[in-house]
Amino acid sequence: MAGKRDPQMEKDALEWIFQVLGEPVPSDEFGNILKDGQVLCRLMNKLSPGAIAKINSGSIQFKLMENLNNFSSSARAYGVSIQDLFQTADLFEKKDLAVVCNMIHALGRQTYVHPEWQGPYLGPRPAEENKREFTDEQLAASKNVIGLQAGTNKGASQAGMNEGAQRRVIIGK
């Protein structure tokens with residue numbers, strides 16, 4: 001699993017999280033910083049105030065896992081795709097931290113869609129729809145054009161090839 005992890009992406013994610021929170025980045029490892037879900041819940045409340053009503057603290061595993069579930073639910077409500085969400089065990093048991101990092105980056109990209117958020121942002125701006133309108137005349141004219149996708153009848157071809165025929169090697173010519 002460690003092979004899929006990208007240390008630079010993890011570093012960028014942590015820097016963004018703590019920039020949003022207005023705190024210095026802790027020197028601990030990525031998974032250890034986020035494991036209890038408290039940092040992620042506070043992040044979500046900064047992006048969407050009141051998104052998570054109660055952030056659990058302490059050492060009771062069930063309560064800490066509840067933080068991670070609350071974070072995932074509120075991120076989904078914020079607009080993060082269901083494919084980008086991580087399972088609680090991915091972070092809490094450190095089974096797949098690459099998926100956790102990808103979700104944080106997906107959340108960072110989603111902030112561009114919310115005009116009330118003034119930054120900082122993480123990752124590239126998502127593409128916006130750029131719909132084209134064509135007239136019936138333009139569509140009719142395009143039917144008469146042979147594009148390069150159709151290929152050409154010049155150049156190399158398989159003419160003279162016999163499928164299934166024996167190969168003949170002629171020596172000495």
# chains A, B, ... in the order shown; residues from 1 in each chain; ligands from 1

call {"tool": "residues_around", "arguments": {"residues": "A:Ala106", "least_positions_apart": "3", "cutoff": "10 Å", "atoms": "only C-alpha atoms", "output": "number ranges by chain"}}
result
A: 75, 79-81, 83-85, 100-103, 109-111, 122-124, 126

call {"tool": "write_last_selection", "arguments": {"atoms": "N, CA and C atoms", "output": "PDB file, in the first residue's frame"}}
result
ATOM      1  N   ALA A  75     -18.530  15.865   3.828  1.00  0.00           N
ATOM      2  CA  ALA A  75     -17.804  16.095   2.573  1.00  0.00           C
ATOM      3  C   ALA A  75     -18.688  15.711   1.393  1.00  0.00           C
ATOM      4  N   GLY A  79     -20.268  18.194  -1.687  1.00  0.00           N
ATOM      5  CA  GLY A  79     -20.182  17.992  -3.131  1.00  0.00           C
ATOM      6  C   GLY A  79     -19.103  17.035  -3.593  1.00  0.00           C
ATOM      7  N   VAL A  80     -18.356  16.444  -2.659  1.00  0.00           N
ATOM      8  CA  VAL A  80     -17.320  15.480  -3.043  1.00  0.00           C
ATOM      9  C   VAL A  80     -18.005  14.227  -3.584  1.00  0.00           C
ATOM     10  N   SER A  81     -17.506  13.735  -4.696  1.00  0.00           N
ATOM     11  CA  SER A  81     -18.077  12.557  -5.344  1.00  0.00           C
ATOM     12  C   SER A  81     -17.973  11.335  -4.438  1.00  0.00           C
ATOM     13  N   GLN A  83     -17.261   8.439  -5.239  1.00  0.00           N
ATOM     14  CA  GLN A  83     -16.091   7.641  -5.614  1.00  0.00           C
ATOM     15  C   GLN A  83     -14.825   8.127  -4.919  1.00  0.00           C
ATOM     16  N   ASP A  84     -14.814   9.367  -4.478  1.00  0.00           N
ATOM     17  CA  ASP A  84     -13.630   9.936  -3.830  1.00  0.00           C
ATOM     18  C   ASP A  84     -13.613   9.733  -2.318  1.00  0.00           C
ATOM     19  N   LEU A  85     -14.703   9.249  -1.741  1.00  0.00           N
ATOM     20  CA  LEU A  85     -14.770   9.078  -0.288  1.00  0.00           C
ATOM     21  C   LEU A  85     -13.927   7.888   0.156  1.00  0.00           C
ATOM     22  N   VAL A 100      -7.217   8.284   1.348  1.00  0.00           N
ATOM     23  CA  VAL A 100      -7.512   9.409   2.246  1.00  0.00           C
ATOM     24  C   VAL A 100      -6.962  10.702   1.650  1.00  0.00           C
ATOM     25  N   CYS A 101      -5.728  10.643   1.177  1.00  0.00           N
ATOM     26  CA  CYS A 101      -5.096  11.819   0.573  1.00  0.00           C
ATOM     27  C   CYS A 101      -5.858  12.266  -0.675  1.00  0.00           C
ATOM     28  N   ASN A 102      -6.286  11.308  -1.485  1.00  0.00           N
ATOM     29  CA  ASN A 102      -7.056  11.642  -2.688  1.00  0.00           C
ATOM     30  C   ASN A 102      -8.374  12.320  -2.334  1.00  0.00           C
ATOM     31  N   MET A 103      -9.007  11.878  -1.249  1.00  0.00           N
ATOM     32  CA  MET A 103     -10.270  12.504  -0.850  1.00  0.00           C
ATOM     33  C   MET A 103     -10.045  13.945  -0.396  1.00  0.00           C
ATOM     34  N   ARG A 109     -10.469  20.546  -4.318  1.00  0.00           N
ATOM     35  CA  ARG A 109     -10.959  20.970  -5.642  1.00  0.00           C
ATOM     36  C   ARG A 109     -12.409  21.433  -5.558  1.00  0.00           C
ATOM     37  N   GLN A 110     -13.176  20.807  -4.689  1.00  0.00           N
ATOM     38  CA  GLN A 110     -14.593  21.146  -4.560  1.00  0.00           C
ATOM     39  C   GLN A 110     -14.783  22.561  -4.021  1.00  0.00           C
ATOM     40  N   THR A 111     -13.793  23.098  -3.318  1.00  0.00           N
ATOM     41  CA  THR A 111     -13.930  24.453  -2.771  1.00  0.00           C
ATOM     42  C   THR A 111     -14.059  25.504  -3.870  1.00  0.00           C
ATOM     43  N   LEU A 122      -6.915  23.942  -2.971  1.00  0.00           N
ATOM     44  CA  LEU A 122      -5.989  22.817  -3.149  1.00  0.00           C
ATOM     45  C   LEU A 122      -6.264  22.178  -4.494  1.00  0.00           C
ATOM     46  N   GLY A 123      -5.250  22.111  -5.321  1.00  0.00           N
ATOM     47  CA  GLY A 123      -5.387  21.440  -6.610  1.00  0.00           C
ATOM     48  C   GLY A 123      -5.916  22.363  -7.691  1.00  0.00           C
ATOM     49  N   PRO A 124      -6.053  21.806  -8.888  1.00  0.00           N
ATOM     50  CA  PRO A 124      -6.507  22.604 -10.026  1.00  0.00           C
ATOM     51  C   PRO A 124      -8.008  22.878  -9.976  1.00  0.00           C
ATOM     52  N   PRO A 126     -11.664  22.741 -11.183  1.00  0.00           N
ATOM     53  CA  PRO A 126     -12.381  21.771 -12.029  1.00  0.00           C
ATOM     54  C   PRO A 126     -12.850  22.423 -13.330  1.00  0.00           C
TER      55      PRO A 126
END

call {"tool": "residues_around", "arguments": {"residues": "A:Thr88", "least_positions_apart": "5", "cutoff": "9 Å", "atoms": "only C-alpha atoms", "output": "ChimeraX atom specification"}}
result
/A:65-66,68-69,72,93

call {"tool": "closest_residue", "arguments": {"among": "A:Glu128, A:Met9, A:Pro24, A:Ser48", "to": "A:Ile104", "atoms": "only C-alpha atoms"}}
result
A:Met9

call {"tool": "closest_residue", "arguments": {"among": "A:Gln87, A:Gln61, A:Ser74, A:Thr135", "to": "A:Leu47", "atoms": "only C-alpha atoms"}}
result
A:Ser74

call {"tool": "closest_residue", "arguments": {"among": "A:Lys35, A:Phe71, A:Tyr78, A:Leu139", "to": "A:Ser59", "atoms": "only C-alpha atoms"}}
result
A:Lys35

call {"tool": "select_by_dssp", "arguments": {"residues": "stretch 23-117 of chain A", "states": "helix (DSSP H, G or I)", "output": "NGL selection string"}}
result
:A and (30-34 or 38-47 or 61-78 or 82-84 or 88-92 or 97-113)

call {"tool": "write_last_selection", "arguments": {"atoms": "C-alpha atoms", "output": "mmCIF file, in the first residue's frame"}}
result
data_model
loop_
_atom_site.group_PDB
_atom_site.id
_atom_site.type_symbol
_atom_site.label_atom_id
_atom_site.label_comp_id
_atom_site.auth_asym_id
_atom_site.auth_seq_id
_atom_site.Cartn_x
_atom_site.Cartn_y
_atom_site.Cartn_z
ATOM 1 C CA PHE A 30 0.212 12.028 7.760
ATOM 2 C CA GLY A 31 -1.912 9.169 9.105
ATOM 3 C CA ASN A 32 -1.195 9.962 12.761
ATOM 4 C CA ILE A 33 -2.202 13.615 12.384
ATOM 5 C CA LEU A 34 -5.571 12.787 10.835
ATOM 6 C CA GLN A 38 -10.744 15.894 14.838
ATOM 7 C CA VAL A 39 -8.589 17.872 12.392
ATOM 8 C CA LEU A 40 -10.766 16.758 9.471
ATOM 9 C CA CYS A 41 -13.972 17.721 11.293
ATOM 10 C CA ARG A 42 -12.583 21.169 12.127
ATOM 11 C CA LEU A 43 -11.557 21.548 8.476
ATOM 12 C CA MET A 44 -15.075 20.698 7.340
ATOM 13 C CA ASN A 45 -16.546 23.214 9.785
ATOM 14 C CA LYS A 46 -14.246 25.917 8.339
ATOM 15 C CA LEU A 47 -15.321 25.094 4.780
ATOM 16 C CA GLN A 61 -12.223 4.333 19.334
ATOM 17 C CA PHE A 62 -15.928 4.288 18.521
ATOM 18 C CA LYS A 63 -16.200 8.053 19.067
ATOM 19 C CA LEU A 64 -13.101 8.779 16.994
ATOM 20 C CA MET A 65 -14.400 6.606 14.156
ATOM 21 C CA GLU A 66 -17.652 8.544 14.383
ATOM 22 C CA ASN A 67 -15.631 11.704 13.632
ATOM 23 C CA LEU A 68 -14.381 10.099 10.413
ATOM 24 C CA ASN A 69 -17.910 9.067 9.417
ATOM 25 C CA ASN A 70 -19.199 12.577 10.123
ATOM 26 C CA PHE A 71 -16.387 14.047 8.020
ATOM 27 C CA SER A 72 -17.169 11.738 5.090
ATOM 28 C CA SER A 73 -20.889 12.502 5.286
ATOM 29 C CA SER A 74 -20.373 16.252 5.406
ATOM 30 C CA ALA A 75 -17.804 16.095 2.573
ATOM 31 C CA ARG A 76 -20.363 14.220 0.481
ATOM 32 C CA ALA A 77 -22.953 16.900 1.295
ATOM 33 C CA TYR A 78 -20.362 19.556 0.326
ATOM 34 C CA ILE A 82 -18.963 9.257 -3.694
ATOM 35 C CA GLN A 83 -16.091 7.641 -5.614
ATOM 36 C CA ASP A 84 -13.630 9.936 -3.830
ATOM 37 C CA THR A 88 -13.233 4.725 8.035
ATOM 38 C CA ALA A 89 -10.756 1.824 8.245
ATOM 39 C CA ASP A 90 -8.649 3.337 5.452
ATOM 40 C CA LEU A 91 -7.559 6.072 7.848
ATOM 41 C CA PHE A 92 -8.247 4.758 11.344
ATOM 42 C CA LEU A 97 -3.776 6.370 3.242
ATOM 43 C CA ALA A 98 -3.493 7.102 -0.497
ATOM 44 C CA VAL A 99 -7.307 7.050 -0.735
ATOM 45 C CA VAL A 100 -7.512 9.409 2.246
ATOM 46 C CA CYS A 101 -5.096 11.819 0.573
ATOM 47 C CA ASN A 102 -7.056 11.642 -2.688
ATOM 48 C CA MET A 103 -10.270 12.504 -0.850
ATOM 49 C CA ILE A 104 -8.670 15.549 0.762
ATOM 50 C CA HIS A 105 -7.523 16.692 -2.677
ATOM 51 C CA ALA A 106 -11.050 16.103 -4.032
ATOM 52 C CA LEU A 107 -12.415 18.229 -1.181
ATOM 53 C CA GLY A 108 -9.853 20.918 -1.999
ATOM 54 C CA ARG A 109 -10.959 20.970 -5.642
ATOM 55 C CA GLN A 110 -14.593 21.146 -4.560
ATOM 56 C CA THR A 111 -13.930 24.453 -2.771
ATOM 57 C CA TYR A 112 -13.658 26.162 -6.184
ATOM 58 C CA VAL A 113 -17.344 25.388 -6.768
#

call {"tool": "atom_distance", "arguments": {"atom1": "atom CA of A:Pro115", "atom2": "atom CA of A:Glu23"}}
result
23.5 Å

call {"tool": "atom_distance", "arguments": {"atom1": "atom CA of A:Lys11", "atom2": "atom CA of A:Val25"}}
result
9.5 Å

call {"tool": "atom_distance", "arguments": {"atom1": "atom CA of A:Lys54", "atom2": "atom CA of A:Tyr121"}}
result
25.3 Å
